[in-house]
Amino acid sequence: MPKLKIAPSLLSSDFSRLGEEIHAVIEAGADWIHLDSMDGHFAPNLTIGPPVVSALRRHSTVPMDVHLMLDNPEEFVDDFANAGADIITFHAEASRHPHRLLTRIRDLGCKAGVVLNPGTPPDDIEFLADSVDLVLIMTVNPGFGGQKFIAGMLRKIELVRAMLGEERDLEVDGGIDQNTAPQVIAAGANVLVAGSYVFGSDSYLEAIESLRV
């Protein structure tokens with residue numbers, strides 16, 4: 001299995017002090033910084049775009065993991081890569097030509113991955129599995145932080161880990177805390193996105209450490 005990584009999601013941070021929040025979670029042991037870009041169409045929320053990623057790039061000394069929850073990811077990957085993203089993931093449900101998009105993301109110098117919503121079966125990416133650097137499994141329906149973990153996703157994590165083998169990253173996002181972290185790790189995940197659990201805690205350090213089971 002690849003190294004366990006904790007990726008605090010800025011969606012749950014204090015947006016009035018994003019730079020400070022990034023410094024704080026990195027000091028507390030964050031391995032990646034997770035940024036959700038939503039367009040109000042694919043996901044029912046509006047969040048950050050490339051200018052914000054560009055502004056935050058100078059604050060982060062760890063990889064910036066950009067999750068595109070957009071109807072038309074093809075139109076934005078260049079902008080996010082140029083803004084400083086290290087990893088770009090897009091939803092399998094949103095792309096008509098995912099192989100082409102994965103290649104484009106890599107050509108831009110970023111790691112490339114696909115994302116599966118809770119209702120999307122892992123079979124939908126069977127023929128993409130050899131082309132990705134990582135897969136992100138949503139363990140809640142996308143849009144907002146603080147949702148409850150969907151336990152049925154554990155089986156999906158197992159199936160996708162079998163597709164990917166033991167060397168590539170398998171990321172999970174949604175409802176991750178000290179109780180669900182051991183379950184998703186046991187199922188095969190090695191990158192844990194945690195928003196409300198980290199940024200809603202009194203100690204970012206203790207919250208991040210509690211996920212490293």
# chains A, B, ... in the order shown; residues from 1 in each chain; ligands from 1
call {"tool": "residues_around", "arguments": {"residues": "Arg104 in chain A", "least_positions_apart": "4", "cutoff": "9 Å", "atoms": "only C-alpha atoms", "output": "number ranges by chain"}}
result
A: 74, 77-78, 99-100, 108-109, 112
call {"tool": "select_by_dssp", "arguments": {"residues": "chain A", "states": "alpha helix (DSSP H)", "output": "MDAnalysis selection string"}}
result
chainID A and resid 18:27 50:57 77:83 98:107 153:164 181:187 196:199 204:210
call {"tool": "residues_around", "arguments": {"residues": "Ile22 in chain A", "least_positions_apart": "4", "cutoff": "8 Å", "atoms": "only C-alpha atoms", "output": "PyMOL selection string"}}
result
chain A and resi 18+26+33+59-60
call {"tool": "residues_around", "arguments": {"residues": "Ala55 in chain A", "least_positions_apart": "5", "cutoff": "9 Å", "atoms": "only C-alpha atoms", "output": "PyMOL selection string"}}
result
chain A and resi 19+50+83
call {"tool": "atom_distance", "arguments": {"atom1": "CA of Gly49 in chain A", "atom2": "CA of Ala181 in chain A"}}
result
28.8 Å
call {"tool": "select_by_dssp", "arguments": {"residues": "range 12-98 of chain A", "states": "strand (DSSP E or B)", "output": "PyMOL selection string"}}
result
chain A and resi 33-39+46+64-69+87-91
call {"tool": "residues_around", "arguments": {"residues": "Ile208 in chain A", "least_positions_apart": "4", "cutoff": "9 Å", "atoms": "only C-alpha atoms", "output": "JSON, numbers by chain"}}
result
{"A": [6, 8, 25, 28, 29, 30, 194, 197, 198, 203, 204, 212]}
call {"tool": "residues_around", "arguments": {"residues": "Val193 in chain A", "least_positions_apart": "3", "cutoff": "9 Å", "atoms": "only C-alpha atoms", "output": "PDB file with C-alpha atoms, in the first residue's frame"}}
result
ATOM      1  CA  LYS A   5      -1.704  10.748   3.473  1.00  0.00           C
ATOM      2  CA  ILE A   6      -4.038  13.215   5.167  1.00  0.00           C
ATOM      3  CA  ALA A   7      -5.503  15.940   2.945  1.00  0.00           C
ATOM      4  CA  PRO A   8      -7.461  18.591   4.862  1.00  0.00           C
ATOM      5  CA  SER A   9     -10.227  20.060   2.725  1.00  0.00           C
ATOM      6  CA  TRP A  32      -1.739  17.401   0.849  1.00  0.00           C
ATOM      7  CA  ILE A  33      -4.090  20.378   0.678  1.00  0.00           C
ATOM      8  CA  HIS A  34      -7.455  19.454  -0.860  1.00  0.00           C
ATOM      9  CA  GLU A 171      -8.442   8.759  -2.054  1.00  0.00           C
ATOM     10  CA  VAL A 172     -11.715   9.049  -0.117  1.00  0.00           C
ATOM     11  CA  ASP A 173     -13.678  12.206   0.607  1.00  0.00           C
ATOM     12  CA  GLY A 174     -16.678  12.657   2.880  1.00  0.00           C
ATOM     13  CA  GLY A 175     -17.482  11.994   6.512  1.00  0.00           C
ATOM     14  CA  ILE A 176     -13.930  11.044   7.435  1.00  0.00           C
TER      15      ILE A 176
END
call {"tool": "residues_around", "arguments": {"residues": "Thr47 in chain A", "least_positions_apart": "6", "cutoff": "7 Å", "atoms": "only C-alpha atoms", "output": "VMD selection string"}}
result
chain A and resid 36 to 38
call {"tool": "atom_distance", "arguments": {"atom1": "CA of Arg155 in chain A", "atom2": "CA of Asp169 in chain A"}}
result
16.8 Å
call {"tool": "closest_residue", "arguments": {"among": "A:Leu10, A:Leu116, A:Ile185, A:Ala81", "to": "Ala94 in chain A", "atoms": "only C-alpha atoms"}}
result
A:Leu116
call {"tool": "closest_residue", "arguments": {"among": "A:Leu11, A:Phe80, A:Val191, A:Ala151", "to": "Pro51 in chain A", "atoms": "only C-alpha atoms"}}
result
A:Phe80
